[in-house]
Every structure is written in C-alpha cells, then in structure tokens.
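Asks: One structure, pasted below without further comment.
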Amino acid sequence: MSLMSKIAGLFVVGQMLCGQMLCDQAQAAGKITVFAAASMTEALTEIGQAFEASTGTEVVFSFAGTGTLARQIEAGAPADVFVSADEAWMDYVSAKGAVKPDTIRAVAANTLVLIGSEEAEPLRLKPDEISQRLAGNRLAMADPETVPAGRYGKDALEATGLWQGVSGTLAPMDNVRVALASVARGDTPLGLVYGSDALVEPRVKVLAVFPEESHPKIRYPAAETTEASEEAAVFMAFLLRAEAQDIFRRLGFAQVN
C-alpha cells in the first residue's frame, strides 16, 4: 500500500472516530422535558441545574397545576418525565397509558400550613379564630375539586372542624402558587399552601401547621412518560440521589417515608 493510500485510510478512520465523538457529545448534551407540579418550581430548577452540570444534559421544565399537566400528557404533550403533586393524578395518567407504571417513584413529601402576611400573629386551628382573622374576607387555596393541594387542604379543614366555617369564603385558585401569591400581595388575609411554598415567599409567614394525621400523606410521585428519551431514566435516578434529596429538604420538602 502506498504512503498516500495509508494517509487516506487514516483520514477516513479519523473522520469516523471524530464523527463518533461528535455523536457521543451530542447524545451527552441532549435535552429532556419535565412536566412538574408548580410547588416544585424552585427545588426542581436547582436540581435540574445540578443534573445538567453532572451530565451535560439540558433539562427544560414546564411547571403548572398537576391536573393541567396530567391532561396535557394524556393528550400527547412532548414530556419525558412527569412529577405529580399527588398519587391520584399519577394513577390517572398511568391508567391512560401515558406513563410507564414500572418507573413510578415517590421523590419527595410535604406538609400543609396556613399562611398570612409577615406581620400577622400565629393562629390556632379553631373556627372562631379563623373566622375573626378572615373578617369577611376570603381564604386562598388551590381548587379542592381539581388540584392536589386543594384536595389535601379540604381534607385537613374537615378533619380540624374548619371546613363548614370557611367553605363559603374560599377563593379557589388554579394552583397552590397562585394562592401563595394572593396572600403575598395582600389580596387575601389567609392562605392554605404547602410548607415548602411558605419558605420561598418572604412576604408571608406560617401561622399554623395542620397535623399530619389531618390529611393523606403528601407525596410527589415521578415517572417516565411512554415517549421518554433514554436520558429520562438517568434524571429519574438523579432525583433519588443524596444531592437532589438534600436540595428538596433544604427547600422545605420532607423525606419520603
């Protein structure tokens, strides 16, 4: 074989190797889309940044009310991972064949709290105290008919004997973050939100914590969608790693039991 032939051969091999390297880099620098409950905005954004730094894979988030996201996923929206604020909506998309049932994992937990302005005094969960504090105004909370935080909230209000007194004064919201913003702006004097929500808004403070036994356990299940890319499984595993779990706890979420 002539010298020129050898050089040409090496050039072709080099091109093939270079092409493979570029292919591998492109795969490593892929992108996944995660649909997640609005209450997880700060925690998952930070976790996504840590995941990108670790793997080179970009994470794009869509945060909204869980029910809204579940219906979008059912309709075929291009998501790789779904993180629900409750098990009921995860069961819904699983029954519709929109997620892979064997990938469902609970990644975090939460608490329920009553919030008010940063100047407000603490409250006891007693009907007369809640009524006096509302003083004809409305209680902000996620919609009890469609939103997980609202369903948990209704259960907690019923269990503590508060539902009858406040049910006529509710300001039902599209998601828990809208309820949080309503109290922060001063539109409503009281709001019912997750414990983690209260930590991200400096204009509110926790006035009372609902007993754990007053509502079903608040767990956030995550799953790969049926159309998920290969990187989705890596992200799912990352959510359970110590680094991600530390972020969840630092931002007010509880560890899954």
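Identifiers in this document derive from the order of the structure tokens: chains are assigned A, B, ..., residues are numbered from 1 separately in each chain, and ligands are numbered from 1 in order of occurrence.
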Residues of range 124-176 of chain A within 10 Å of range 108-115 of chain A: nearest atom pair and distance (Å, one decimal) for each, counting only C-alpha atoms, sorted by chain and number, as CSV?

Replies:
residue,atom,partner,partner_atom,distance
A:Arg124,CA,A:Leu114,CA,9.9
A:Leu125,CA,A:Leu114,CA,8.9
A:Leu139,CA,A:Leu114,CA,9.7
A:Ala140,CA,A:Ile115,CA,9.5
A:Met141,CA,A:Leu114,CA,9.6
A:Ala149,CA,A:Leu112,CA,8.3
A:Tyr152,CA,A:Leu112,CA,8.0
A:Gly153,CA,A:Leu112,CA,7.3
A:Ala156,CA,A:Leu112,CA,8.2

Asks: Please produce an output containing C-alpha atoms for each residue in the selection, written as an mmCIF file, in the first residue's frame.

Replies:
data_model
loop_
_atom_site.group_PDB
_atom_site.id
_atom_site.type_symbol
_atom_site.label_atom_id
_atom_site.label_comp_id
_atom_site.auth_asym_id
_atom_site.auth_seq_id
_atom_site.Cartn_x
_atom_site.Cartn_y
_atom_site.Cartn_z
ATOM 1 C CA ARG A 124 -54.770 28.224 66.444
ATOM 2 C CA LEU A 125 -56.760 25.992 64.122
ATOM 3 C CA LEU A 139 -59.345 32.076 52.258
ATOM 4 C CA ALA A 140 -56.952 31.450 49.356
ATOM 5 C CA MET A 141 -56.289 27.836 48.474
ATOM 6 C CA ALA A 149 -53.124 20.947 47.309
ATOM 7 C CA TYR A 152 -55.371 17.853 50.763
ATOM 8 C CA GLY A 153 -56.491 21.213 52.122
ATOM 9 C CA ALA A 156 -57.339 18.978 56.573
#

Asks: What residues in range 23-223 of chain A get the DSSP label strand (DSSP E)? Please answer as JSON, numbers by chain.

Replies: {"A": [31, 32, 33, 34, 35, 36, 37, 58, 59, 60, 61, 62, 63, 64, 81, 82, 83, 105, 106, 107, 108, 109, 110, 112, 113, 114, 115, 116, 117, 139, 140, 141, 142, 170, 171, 172, 173, 190, 191, 192, 193, 194, 204, 205, 206, 207, 208, 209, 218, 219, 220, 221, 222, 223]}

Asks: Go through A:Thr55, A:Thr103, A:Thr66, A:Ser84 one by one, measure the shortest atom-to-atom distance of each to Thr225 in chain A using only C-alpha atoms, and give the residue with the smallest value.

Replies: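 Ranked by minimum distance to Thr225 in chain A, first place goes to A:Thr103.
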
Asks: For range 15-113 of chain A against range 168-180 of chain A, with a cut-off of 8 Å and counting only C-alpha atoms, what is the closest atom pair and its distance in Å to one decimal for every residue that makes the cut, ordered by chain and number, as CSV?

Replies:
residue,atom,partner,partner_atom,distance
A:Ala38,CA,A:Arg177,CA,6.5
A:Ser39,CA,A:Arg177,CA,6.5
A:Ala64,CA,A:Asn175,CA,7.1
A:Gly65,CA,A:Asn175,CA,5.0

Asks: With N, CA and C atoms retained, export the selected residues as an mmCIF file, in the first residue's frame.

Replies:
data_model
loop_
_atom_site.group_PDB
_atom_site.id
_atom_site.type_symbol
_atom_site.label_atom_id
_atom_site.label_comp_id
_atom_site.auth_asym_id
_atom_site.auth_seq_id
_atom_site.Cartn_x
_atom_site.Cartn_y
_atom_site.Cartn_z
ATOM 1 N N ALA A 38 -46.434 22.842 40.234
ATOM 2 C CA ALA A 38 -45.961 24.207 40.458
ATOM 3 C C ALA A 38 -45.226 24.360 41.782
ATOM 4 N N SER A 39 -45.625 23.604 42.794
ATOM 5 C CA SER A 39 -44.990 23.723 44.112
ATOM 6 C C SER A 39 -43.540 23.256 44.120
ATOM 7 N N ALA A 64 -46.818 23.802 36.379
ATOM 8 C CA ALA A 64 -48.219 24.227 36.379
ATOM 9 C C ALA A 64 -48.972 23.359 37.383
ATOM 10 N N GLY A 65 -50.281 23.555 37.439
ATOM 11 C CA GLY A 65 -51.105 22.690 38.272
ATOM 12 C C GLY A 65 -51.011 21.254 37.780
#

Asks: Determine the nearest neighbour of Gln72 in chain A from the options A:Arg138, A:Lys96, A:Arg219, A:Arg249, counting only C-alpha atoms.

Replies: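 Answer, going by the shortest atom-to-atom distance: A:Lys96.
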
Asks: Could you please write out, as a PyMOL selection string, every residue of range 23-240 of chain A that DSSP assigns to helix (DSSP H, G or I)?

Replies: chain A and resi 23-28+38-55+66-74+87-95+101-103+127-134+148-159+163-169+176-185+195-200+212-214+230-239

Asks: Quick check, in Å to one decimal: how far apart do CA of Lys217 in chain A and CA of Gly150 in chain A lie?

Replies: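 Between these atoms lies a distance of 13.7 Å.
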
Asks: Rounded to one decimal place, report the CA of Ile130 in chain A-CA of Ala184 in chain A distance in Å.

Replies: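 Separating CA of Ile130 in chain A from CA of Ala184 in chain A is a distance of 18.1 Å.
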
Asks: Taking only C-alpha atoms into account, name the residue in A:Glu74, A:Asp102, A:Glu118, A:Asp155 that is nearest to Glu212 in chain A.

Replies: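 Looking only at the distances to Glu212 in chain A, the closest residue turns out to be A:Asp155.
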
Asks: When you look at Glu46 in chain A with a cut-off of 12 Å (counting only C-alpha atoms), what residues show up, excluding the ones that are within fewer than 6 positions of it in the same chain? I need them as a list in words.

Replies: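 Within the cut-off, the hits are Met40, Glu52, Ala53, Val59, Val60, Phe61, Leu239, Glu243, Ala244, Gln245, Asp246, Ile247, Phe248, Arg250 and Leu251 of chain A.
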
Asks: Of the residues A:Gly48, A:Val99, A:Thr57, A:Asp197, which is the one nearest to Ala75 in chain A, using only C-alpha atoms?

Replies: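 Under the stated criterion, the closest residue is A:Val99.
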
Asks: Could you pull the residues within 9 Å of Val81 in chain A, counting only C-alpha atoms, minus those fewer than 2 positions along the same chain, as a PyMOL selection string?

Replies: chain A and resi 32-36+79+83+99+222-225+228+232-233+235-236

Asks: I need the residues from that last selection saved to file as a CSV table (one decimal), in the first residue's frame (with all heavy atoms), if you can.

Replies:
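The result, written out as again-v1.csv:
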chain,number,residue,atom,x,y,z
A,32,ILE,N,-34.0,16.9,27.9
A,32,ILE,CA,-35.2,16.3,28.4
A,32,ILE,C,-36.2,17.3,28.9
A,32,ILE,O,-35.8,18.4,29.3
A,32,ILE,CB,-35.0,15.2,29.5
A,32,ILE,CG1,-34.4,15.8,30.7
A,32,ILE,CG2,-34.1,14.1,29.0
A,32,ILE,CD1,-34.3,14.9,31.9
A,33,THR,N,-37.5,17.0,28.7
A,33,THR,CA,-38.5,17.9,29.2
A,33,THR,C,-39.2,17.3,30.4
A,33,THR,O,-39.7,16.2,30.3
A,33,THR,CB,-39.5,18.2,28.0
A,33,THR,OG1,-38.8,18.8,26.9
A,33,THR,CG2,-40.6,19.2,28.5
A,34,VAL,N,-39.4,18.1,31.4
A,34,VAL,CA,-40.0,17.6,32.7
A,34,VAL,C,-41.2,18.5,32.9
A,34,VAL,O,-41.1,19.7,33.0
A,34,VAL,CB,-39.0,17.7,33.8
A,34,VAL,CG1,-39.7,17.2,35.1
A,34,VAL,CG2,-37.8,16.8,33.6
A,35,PHE,N,-42.4,17.8,33.0
A,35,PHE,CA,-43.6,18.5,33.5
A,35,PHE,C,-43.8,18.2,35.0
A,35,PHE,O,-43.8,17.1,35.4
A,35,PHE,CB,-44.8,17.9,32.8
A,35,PHE,CG,-45.1,18.4,31.4
A,35,PHE,CD1,-44.0,18.9,30.6
A,35,PHE,CD2,-46.3,18.3,30.8
A,35,PHE,CE1,-44.2,19.4,29.3
A,35,PHE,CE2,-46.5,18.7,29.5
A,35,PHE,CZ,-45.5,19.3,28.8
A,36,ALA,N,-43.9,19.3,35.8
A,36,ALA,CA,-43.9,19.1,37.2
A,36,ALA,C,-44.8,20.1,37.9
A,36,ALA,O,-45.1,21.2,37.4
A,36,ALA,CB,-42.4,19.3,37.8
A,79,ALA,N,-43.4,15.4,26.7
A,79,ALA,CA,-42.7,15.4,28.0
A,79,ALA,C,-42.0,14.0,28.2
A,79,ALA,O,-42.4,13.0,27.7
A,79,ALA,CB,-43.7,15.6,29.2
A,83,VAL,N,-43.8,14.8,37.1
A,83,VAL,CA,-43.7,14.9,38.6
A,83,VAL,C,-45.0,15.4,39.1
A,83,VAL,O,-45.3,16.6,38.9
A,83,VAL,CB,-42.5,15.7,39.1
A,83,VAL,CG1,-42.4,15.6,40.6
A,83,VAL,CG2,-41.2,15.3,38.4
A,99,VAL,N,-47.8,7.1,31.0
A,99,VAL,CA,-46.5,6.9,31.7
A,99,VAL,C,-46.2,5.5,31.9
A,99,VAL,O,-47.1,4.6,31.7
A,99,VAL,CB,-46.5,7.6,33.1
A,99,VAL,CG1,-46.7,9.1,33.0
A,99,VAL,CG2,-47.5,7.0,34.0
A,222,ALA,N,-43.0,10.6,40.7
A,222,ALA,CA,-42.4,10.9,39.4
A,222,ALA,C,-42.4,9.7,38.5
A,222,ALA,O,-42.3,8.5,39.0
A,222,ALA,CB,-41.0,11.5,39.5
A,223,ALA,N,-42.5,9.8,37.2
A,223,ALA,CA,-42.5,8.7,36.3
A,223,ALA,C,-42.0,9.1,34.9
A,223,ALA,O,-42.1,10.3,34.6
A,223,ALA,CB,-43.9,8.1,36.2
A,224,GLU,N,-41.5,8.2,34.2
A,224,GLU,CA,-41.1,8.4,32.8
A,224,GLU,C,-42.4,8.3,32.0
A,224,GLU,O,-43.2,7.4,32.2
A,224,GLU,CB,-40.1,7.4,32.3
A,224,GLU,CG,-38.8,7.4,33.0
A,224,GLU,CD,-37.9,6.3,32.5
A,224,GLU,OE1,-37.9,6.0,31.3
A,224,GLU,OE2,-37.3,5.6,33.3
A,225,THR,N,-42.6,9.2,31.0
A,225,THR,CA,-43.7,9.0,30.1
A,225,THR,C,-43.4,7.9,29.1
A,225,THR,O,-42.3,7.4,29.0
A,225,THR,CB,-43.9,10.3,29.3
A,225,THR,OG1,-42.8,10.5,28.4
A,225,THR,CG2,-44.1,11.5,30.2
A,228,ALA,N,-40.7,8.7,26.6
A,228,ALA,CA,-39.5,9.3,27.2
A,228,ALA,C,-38.2,8.9,26.5
A,228,ALA,O,-38.1,7.8,25.9
A,228,ALA,CB,-39.4,8.9,28.7
A,232,ALA,N,-34.2,10.2,30.3
A,232,ALA,CA,-35.2,10.4,31.3
A,232,ALA,C,-34.9,9.4,32.5
A,232,ALA,O,-35.1,9.8,33.7
A,232,ALA,CB,-36.6,10.1,30.8
A,233,ALA,N,-34.5,8.2,32.2
A,233,ALA,CA,-34.2,7.3,33.3
A,233,ALA,C,-33.0,7.8,34.2
A,233,ALA,O,-33.0,7.6,35.4
A,233,ALA,CB,-33.9,5.9,32.7
A,235,PHE,N,-32.3,10.9,34.7
A,235,PHE,CA,-32.8,12.0,35.5
A,235,PHE,C,-33.7,11.5,36.7
A,235,PHE,O,-33.6,12.0,37.8
A,235,PHE,CB,-33.7,13.0,34.7
A,235,PHE,CG,-34.2,14.1,35.4
A,235,PHE,CD1,-33.4,15.2,35.8
A,235,PHE,CD2,-35.6,14.2,35.8
A,235,PHE,CE1,-33.9,16.3,36.5
A,235,PHE,CE2,-36.1,15.2,36.5
A,235,PHE,CZ,-35.3,16.3,36.9
A,236,MET,N,-34.5,10.4,36.4
A,236,MET,CA,-35.3,9.8,37.5
A,236,MET,C,-34.4,9.3,38.6
A,236,MET,O,-34.7,9.5,39.8
A,236,MET,CB,-36.1,8.7,36.9
A,236,MET,CG,-37.3,9.2,36.1
A,236,MET,SD,-38.7,9.7,37.1
A,236,MET,CE,-39.1,8.2,38.0
